[in-house]
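> Questions regarding the structure given below will be posed in turn.
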Amino acid sequence: SVFTYHCVWCGCRLPQGTLMLVRSRLANLLPRLCVLRPGLAMSSATGTLTVNQPLNYRAGSRVQPADGGQAEEVYEPATGRVICKLLSSGEKEVDLAVQSAKAAFKIWSQMSGMERSRVLLEAARIIREQREEIATLETINNGKSIFEARVDIDISWQCLEYYAGLAGSLAGEHIQLPGGSFGYTRREPLGVCVGIGAWNYPFQIACWKSAPALACGNAMVFKPSPFTPISVVKLAEIFTEAGVPKGLFNVVQGGATTGQFLCHHPDVAKISFTGSVPTGVKIMEMAAKGIKPVTLELGGKSPLIIFSDCALENAVNGALMANFLTQGEVCCNGTRVFVERKILDVFTKEVVKRTQKIKVGDPLLEDTRMGALINRPHLNRVQGFIKQAKEQGAEVLCGGDLYVPDDPKLKNGYYMRPCVLGNCRDDMTCVKEEIFGPVMSILPFDTEEEVIERANATKFGLAGGVFTRDIQKAHRVVAALKAGMCFINNYNISPVELPFGGYKSSGFGRENGRAAIEYYSQLKTVCVEMGDVESVF
């Protein structure tokens, strides 16, 4: 290649082995200028956004909820400012959203796959066109760097394009039976699906759920996290502009109570949830009462195994990517970094050196690589895990302390320095529990058999990774890992072509890839008799 690639964290030149990651995860990162639409008073500067428009979306337009509770404040993590007031949706508003989606479903489900495909492709085009605006909204409401937010938006439109390509290919099969009779299957949509998103990837998760749902002919009512309610409404507007029937993708806002109304609604056919294990359990319980299928993408405490025969620089890059994207607030992060003892010291030294170079600060600045955590309570929770780790004998090798940027407008933001913990043991809380922050735990190991057993000794099973030059060992280890998404000599890339989901308490069902089609459709069998009916009576 005539191009030279550099690490997003510290600027050093990347070896050839990491080019696939760069090309797949960080494609199309040249900024595209676009004009912001009226209704949002904002600029490119942190600390200036105020949202006054309604955050619910029903029947093709923004609306105030028909009922609901008191207004809740929504914060900008970078500054601690209130950027809008969120009105939660009550039972009446949820019902209106579902009925609107139900009416749109009757139209959309009768369209051909190719017709649906064209609409999804148009939505993807609009997202590409508005990439900078959407990424800026995501950064302001979530706190992640604008650099990462652009990647999220790219993955979002790629997801819509991918399922647009599949929409026209959905088909059943013909089965020949004796005597000239035959049977066939039809792959049919479910109806009104509910998507409940998380706050770490608000726009991207909404696309991951809505793209396969709409491709299969379903409608969707989506509830984002009350911490990040803004960008999903933009997606709803884009779907309407692209040409979906009004009401096909509606947005309701709120917390647990709103979620309960959605899960209990008799006209909801399926629920897809991304979030914590305790909430996932509650959703399963509610869905069971209505015998509704669910897809659950829950928490993780994933292992990243570094063997001594790895390409060291690649392994260090992988460990950084496995722990510090989106301020460490990523469900599939490889936060348990098992390092073969032969290279423990040199690996740890290099990881600490690189981690200390990560620039923390204003997430809308181009050179920032780590923004602010989602809110003050979560920041305090992460700090509590680090304090407990030290009390249990772990050593803070770098970071872990609160960070206050020089810019006065950022002084009330939710910042901390990325943390690397050494001297960790498997029985420590920081190693067992999901921290969901920029905290890496390094653990030594001696043998392949030992590390596989330790890697699997968790209630979670979302992801896992291995770095080694021995390809037989690599395949052997990932085959033994009890995890749904595994990486060899890479970590935390998200090609939309590949299914994503977990084992054990990390959930079930799959998002992305062809596999997701099965979770947003149902199979009907038709048996056709070509002769006379024989009766035993």
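Following the order of the structure tokens, first chain is A, next is B, and so on, with residues numbered from 1 inside each chain and ligands from 1 in the order they appear.
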Write out as number ranges by chain the residues lying within 12 Å of Asp426 of chain A, counting only C-alpha atoms and excluding same-chain residues fewer than 5 positions away.
A: 301, 303, 336-338, 389, 392-394, 431-433, 441-445, 451, 453-458
> Save out the residues we just selected, N, CA, C and O atoms, as an mmCIF file, in the first residue's frame.

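Produced file selection-v5.cif, reproduced below:
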```cif
data_model
loop_
_atom_site.group_PDB
_atom_site.id
_atom_site.type_symbol
_atom_site.label_atom_id
_atom_site.label_comp_id
_atom_site.auth_asym_id
_atom_site.auth_seq_id
_atom_site.Cartn_x
_atom_site.Cartn_y
_atom_site.Cartn_z
ATOM 1 N N LYS A 301 -18.074 -9.596 30.237
ATOM 2 C CA LYS A 301 -16.783 -9.442 30.924
ATOM 3 C C LYS A 301 -15.801 -10.299 30.142
ATOM 4 O O LYS A 301 -15.325 -11.331 30.605
ATOM 5 N N PRO A 303 -12.872 -12.042 27.769
ATOM 6 C CA PRO A 303 -11.428 -12.273 27.859
ATOM 7 C C PRO A 303 -10.714 -11.925 26.558
ATOM 8 O O PRO A 303 -11.218 -12.188 25.461
ATOM 9 N N ARG A 336 -10.795 -8.326 30.536
ATOM 10 C CA ARG A 336 -9.889 -9.263 31.218
ATOM 11 C C ARG A 336 -8.786 -9.629 30.228
ATOM 12 O O ARG A 336 -8.964 -10.496 29.378
ATOM 13 N N VAL A 337 -7.651 -8.963 30.334
ATOM 14 C CA VAL A 337 -6.555 -9.175 29.388
ATOM 15 C C VAL A 337 -5.583 -10.188 29.988
ATOM 16 O O VAL A 337 -4.800 -9.872 30.888
ATOM 17 N N PHE A 338 -5.663 -11.424 29.500
ATOM 18 C CA PHE A 338 -4.774 -12.496 29.957
ATOM 19 C C PHE A 338 -3.509 -12.473 29.110
ATOM 20 O O PHE A 338 -3.571 -12.587 27.883
ATOM 21 N N ALA A 389 -10.792 -2.181 43.733
ATOM 22 C CA ALA A 389 -9.695 -2.980 43.184
ATOM 23 C C ALA A 389 -8.412 -2.752 43.970
ATOM 24 O O ALA A 389 -7.680 -3.710 44.289
ATOM 25 N N GLN A 392 -8.503 -4.518 47.218
ATOM 26 C CA GLN A 392 -8.358 -5.961 47.103
ATOM 27 C C GLN A 392 -6.976 -6.381 46.615
ATOM 28 O O GLN A 392 -6.730 -7.579 46.410
ATOM 29 N N GLY A 393 -6.073 -5.419 46.409
ATOM 30 C CA GLY A 393 -4.689 -5.742 46.091
ATOM 31 C C GLY A 393 -4.230 -5.436 44.689
ATOM 32 O O GLY A 393 -3.067 -5.662 44.349
ATOM 33 N N ALA A 394 -5.109 -4.930 43.844
ATOM 34 C CA ALA A 394 -4.694 -4.557 42.487
ATOM 35 C C ALA A 394 -3.831 -3.305 42.530
ATOM 36 O O ALA A 394 -3.954 -2.473 43.439
ATOM 37 N N VAL A 431 -12.344 -7.912 38.198
ATOM 38 C CA VAL A 431 -12.166 -8.942 37.182
ATOM 39 C C VAL A 431 -13.461 -9.708 36.927
ATOM 40 O O VAL A 431 -13.694 -10.200 35.826
ATOM 41 N N LYS A 432 -14.317 -9.767 37.916
ATOM 42 C CA LYS A 432 -15.555 -10.544 37.789
ATOM 43 C C LYS A 432 -16.736 -9.737 37.276
ATOM 44 O O LYS A 432 -17.589 -10.259 36.557
ATOM 45 N N GLU A 433 -16.826 -8.463 37.664
ATOM 46 C CA GLU A 433 -18.009 -7.666 37.367
ATOM 47 C C GLU A 433 -17.758 -6.716 36.191
ATOM 48 O O GLU A 433 -16.642 -6.220 36.002
ATOM 49 N N SER A 441 -7.961 -4.731 33.101
ATOM 50 C CA SER A 441 -7.327 -5.588 34.107
ATOM 51 C C SER A 441 -6.393 -6.566 33.405
ATOM 52 O O SER A 441 -6.821 -7.292 32.503
ATOM 53 N N ILE A 442 -5.129 -6.583 33.804
ATOM 54 C CA ILE A 442 -4.135 -7.476 33.202
ATOM 55 C C ILE A 442 -3.868 -8.637 34.148
ATOM 56 O O ILE A 442 -3.592 -8.447 35.340
ATOM 57 N N LEU A 443 -3.967 -9.868 33.598
ATOM 58 C CA LEU A 443 -3.782 -11.074 34.401
ATOM 59 C C LEU A 443 -2.788 -12.001 33.701
ATOM 60 O O LEU A 443 -2.942 -12.290 32.510
ATOM 61 N N PRO A 444 -1.767 -12.510 34.401
ATOM 62 C CA PRO A 444 -0.809 -13.425 33.772
ATOM 63 C C PRO A 444 -1.358 -14.849 33.692
ATOM 64 O O PRO A 444 -2.217 -15.249 34.488
ATOM 65 N N PHE A 445 -0.870 -15.616 32.699
ATOM 66 C CA PHE A 445 -1.189 -17.047 32.633
ATOM 67 C C PHE A 445 0.032 -17.788 32.114
ATOM 68 O O PHE A 445 0.958 -17.185 31.549
ATOM 69 N N VAL A 451 -5.583 -20.956 30.682
ATOM 70 C CA VAL A 451 -6.210 -19.680 30.328
ATOM 71 C C VAL A 451 -7.606 -19.888 29.750
ATOM 72 O O VAL A 451 -8.505 -19.065 29.963
ATOM 73 N N GLU A 453 -9.718 -22.262 30.665
ATOM 74 C CA GLU A 453 -10.578 -22.511 31.821
ATOM 75 C C GLU A 453 -10.893 -21.214 32.559
ATOM 76 O O GLU A 453 -12.037 -20.963 32.942
ATOM 77 N N ARG A 454 -9.897 -20.373 32.748
ATOM 78 C CA ARG A 454 -10.111 -19.105 33.450
ATOM 79 C C ARG A 454 -10.949 -18.145 32.612
ATOM 80 O O ARG A 454 -11.800 -17.421 33.138
ATOM 81 N N ALA A 455 -10.718 -18.126 31.306
ATOM 82 C CA ALA A 455 -11.476 -17.232 30.424
ATOM 83 C C ALA A 455 -12.965 -17.559 30.464
ATOM 84 O O ALA A 455 -13.813 -16.657 30.410
ATOM 85 N N ASN A 456 -13.291 -18.854 30.566
ATOM 86 C CA ASN A 456 -14.686 -19.285 30.570
ATOM 87 C C ASN A 456 -15.330 -19.248 31.948
ATOM 88 O O ASN A 456 -16.543 -19.470 32.060
ATOM 89 N N ALA A 457 -14.572 -18.938 32.969
ATOM 90 C CA ALA A 457 -15.093 -18.952 34.343
ATOM 91 C C ALA A 457 -15.824 -17.645 34.649
ATOM 92 O O ALA A 457 -15.410 -16.848 35.496
ATOM 93 N N THR A 458 -16.923 -17.401 33.927
ATOM 94 C CA THR A 458 -17.707 -16.190 34.094
ATOM 95 C C THR A 458 -19.141 -16.487 33.690
ATOM 96 O O THR A 458 -19.400 -17.385 32.880
#
```
> I'd like the contact shell of Gln260 of chain A - 9 Å cut-off, only C-alpha atoms, skipping same-chain residues fewer than 4 positions apart - returned as a ChimeraX atom specification.
/A:255-256,264-265,283,286
> Please, which residues of segment 99-303 of chain A, numbered as in this document, come out strand (DSSP E) from DSSP, as a PyMOL selection string?
chain A and resi 174-176+182-189+192-196+219-223+249-251+268-274+294-297+303
> If you run DSSP over the backbone, which residues in segment 158-377 of chain A end up alpha helix (DSSP H)? Put them as a PyMOL selection string.
chain A and resi 158-167+202-215+231-242+256-264+277-289+312-324+344-356+376-377
> Keeping only C-alpha atoms, write the selected residues to a file as a CSV table (one decimal), in the first residue's frame.

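Listing of selection_5.csv after writing:
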```csv
chain,number,residue,atom,x,y,z
A,158,GLN,CA,-23.9,0.3,6.1
A,159,CYS,CA,-26.3,-1.7,8.2
A,160,LEU,CA,-29.3,-0.2,6.3
A,161,GLU,CA,-27.6,-0.9,3.0
A,162,TYR,CA,-26.8,-4.5,3.9
A,163,TYR,CA,-30.4,-5.3,4.8
A,164,ALA,CA,-31.7,-3.4,1.8
A,165,GLY,CA,-29.7,-5.9,-0.2
A,166,LEU,CA,-31.3,-8.8,1.7
A,167,ALA,CA,-34.9,-7.5,1.5
A,202,PRO,CA,-27.9,5.3,20.5
A,203,PHE,CA,-28.1,5.8,16.7
A,204,GLN,CA,-26.2,2.7,15.7
A,205,ILE,CA,-28.2,0.3,17.9
A,206,ALA,CA,-31.5,1.8,16.5
A,207,CYS,CA,-30.2,1.0,13.0
A,208,TRP,CA,-29.1,-2.5,14.0
A,209,LYS,CA,-32.6,-3.3,15.2
A,210,SER,CA,-34.7,-1.4,12.7
A,211,ALA,CA,-32.8,-2.4,9.5
A,212,PRO,CA,-33.5,-6.1,9.7
A,213,ALA,CA,-37.0,-5.5,11.2
A,214,LEU,CA,-38.0,-3.2,8.3
A,215,ALA,CA,-36.3,-5.4,5.7
A,231,SER,CA,-30.4,11.1,17.8
A,232,VAL,CA,-33.0,8.3,17.4
A,233,VAL,CA,-35.7,10.9,16.5
A,234,LYS,CA,-33.4,12.0,13.7
A,235,LEU,CA,-33.4,8.4,12.4
A,236,ALA,CA,-37.3,8.4,12.5
A,237,GLU,CA,-37.3,11.6,10.4
A,238,ILE,CA,-34.9,10.1,7.9
A,239,PHE,CA,-37.1,7.0,7.5
A,240,THR,CA,-40.1,9.2,6.8
A,241,GLU,CA,-38.1,11.3,4.3
A,242,ALA,CA,-36.9,8.1,2.6
A,256,ALA,CA,-38.6,1.5,33.0
A,257,THR,CA,-42.3,2.3,33.2
A,258,THR,CA,-42.5,3.1,29.5
A,259,GLY,CA,-40.6,-0.1,28.7
A,260,GLN,CA,-43.2,-2.0,30.8
A,261,PHE,CA,-46.1,-0.6,28.8
A,262,LEU,CA,-44.3,-1.6,25.6
A,263,CYS,CA,-43.6,-5.2,26.7
A,264,HIS,CA,-47.1,-5.8,28.0
A,277,VAL,CA,-28.7,-8.3,32.6
A,278,PRO,CA,-31.2,-7.4,35.4
A,279,THR,CA,-33.3,-5.4,32.9
A,280,GLY,CA,-33.0,-8.2,30.4
A,281,VAL,CA,-34.4,-10.7,33.0
A,282,LYS,CA,-37.4,-8.4,33.7
A,283,ILE,CA,-38.1,-8.1,29.9
A,284,MET,CA,-38.0,-11.9,29.5
A,285,GLU,CA,-40.5,-12.2,32.4
A,286,MET,CA,-42.9,-9.6,30.9
A,287,ALA,CA,-42.6,-11.1,27.4
A,288,ALA,CA,-43.3,-14.6,28.7
A,289,LYS,CA,-46.7,-13.5,29.9
A,312,LEU,CA,3.3,-7.6,20.1
A,313,GLU,CA,2.4,-4.2,18.6
A,314,ASN,CA,-0.8,-5.7,17.1
A,315,ALA,CA,-1.6,-7.2,20.5
A,316,VAL,CA,-1.1,-3.8,22.2
A,317,ASN,CA,-3.3,-2.1,19.6
A,318,GLY,CA,-5.9,-4.8,20.1
A,319,ALA,CA,-5.9,-4.4,23.9
A,320,LEU,CA,-6.4,-0.6,23.6
A,321,MET,CA,-9.3,-1.1,21.1
A,322,ALA,CA,-10.7,-3.8,23.4
A,323,ASN,CA,-10.9,-1.5,26.4
A,324,PHE,CA,-11.0,2.2,25.6
A,344,LEU,CA,3.9,-9.9,30.8
A,345,ASP,CA,6.4,-7.2,31.6
A,346,VAL,CA,7.1,-6.0,28.1
A,347,PHE,CA,3.4,-6.1,27.1
A,348,THR,CA,2.3,-4.2,30.3
A,349,LYS,CA,5.0,-1.6,29.9
A,350,GLU,CA,3.9,-0.9,26.3
A,351,VAL,CA,0.2,-0.8,27.1
A,352,VAL,CA,0.8,1.6,30.0
A,353,LYS,CA,2.9,3.9,27.8
A,354,ARG,CA,0.3,4.0,25.1
A,355,THR,CA,-2.6,4.4,27.5
A,356,GLN,CA,-0.9,7.5,29.1
A,376,ARG,CA,-22.1,11.6,37.2
A,377,PRO,CA,-23.6,8.5,38.9
```
> Quick one: residues within 8 Å of Gly197 of chain A, only C-alpha atoms, excluding same-chain residues fewer than 3 positions away - as a PyMOL selection string?
chain A and resi 202+205-206+222-225+273-275
> Could you give me, as a list in words, the residues within 6 Å of segment 492-503 of chain A, counting only C-alpha atoms and dropping anything in the same chain fewer than 2 positions from it?
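Final neighbour list, sorted by chain and number: Arg25, Cys159, Ala322, Gly461, Leu462, Ala483, Gly484, Ser506, Gly507, Phe508, Arg510, Glu511, Asn512 and Gly513 of chain A.
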> Which is closest to Ile343 of chain A among A:Asp446, A:Leu410, A:Leu248, A:Ile146, if we use only C-alpha atoms?
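Looking at the shortest contact to Ile343 of chain A, the residue is A:Asp446.
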> Using atom CA of Cys332 of chain A and atom CA of Pro405 of chain A as the two end points, give the distance in Å to one decimal.
28.5 Å
